[in-house]
Amino acid sequence: MAEREEFGVRVVDVIGAFDILDWANAVEGRDSAMLRAEVLSENQLQIEHAMQRAVEGQYGWCEDCERQIPGERLKVWPEATRCVECQRRYELSAGS
Ligand SMILES: [Zn+2]
């Protein structure tokens, strides 16, 4: 019984030491920063890949179906190395 009470007090003390909302925000912030870092490094790889394609004279051509990637797509996403259909197929196969 005494141990139980002591445990209860300790838990309250620990919770009291934090502003729970700040703590939750910090955890969320760290998670989204990690997520952003992950996305950025993926983007960097994709950009390097697109630059490599440019060096090889393949830039603007889909690496899967070898058709020309529409200029509109490259304007929105210059690092694209696949047309919309092939990219969708690629993402579906990579996700499974
Ligand atoms: Zn394609």
# chains A, B, ... in the order shown; residues from 1 in each chain; ligands from 1
$ residues_near_ligand --ligand "ligand 1" --cutoff "9 Å" --atoms "only C-alpha atoms and all ligand atoms" --output "PyMOL selection string"
chain A and resi 61-69+81-87
$ write_last_selection --atoms "C-alpha atoms" --output "tab-separated table (two decimals), in the first residue's frame"
chain	number	residue	atom	x	y	z
A	61	TRP	CA	13.25	11.28	-71.26
A	62	CYS	CA	11.43	8.73	-69.12
A	63	GLU	CA	13.87	6.14	-67.84
A	64	ASP	CA	11.23	3.41	-67.96
A	65	CYS	CA	9.21	3.84	-71.16
A	66	GLU	CA	11.83	6.12	-72.85
A	67	ARG	CA	9.19	8.57	-74.01
A	68	GLN	CA	9.71	12.30	-73.62
A	69	ILE	CA	8.59	13.66	-70.25
A	81	THR	CA	13.21	11.08	-64.46
A	82	ARG	CA	9.97	9.29	-65.26
A	83	CYS	CA	6.72	10.28	-66.92
A	84	VAL	CA	3.65	10.50	-64.69
A	85	GLU	CA	2.39	7.00	-65.54
A	86	CYS	CA	5.76	5.31	-65.01
A	87	GLN	CA	6.35	7.25	-61.79
$ atom_distance --atom1 "atom CA of Gly71 of chain A" --atom2 "atom CA of Gln52 of chain A"
18.6 Å
$ atom_distance --atom1 "atom CA of Glu56 of chain A" --atom2 "atom CA of Glu42 of chain A"
21.1 Å
$ atom_distance --atom1 "atom CA of Ala33 of chain A" --atom2 "atom CA of Lys75 of chain A"
27.1 Å
$ residues_around --residues "Gln46 of chain A" --least-positions-apart "3" --cutoff "9 Å" --atoms "only C-alpha atoms" --output "PyMOL selection string"
chain A and resi 41-43+49-51+79-81
$ closest_residue --among "A:Glu28, A:Tyr90, A:Glu38, A:Pro78" --to "Ala54 of chain A" --atoms "only C-alpha atoms"
A:Pro78
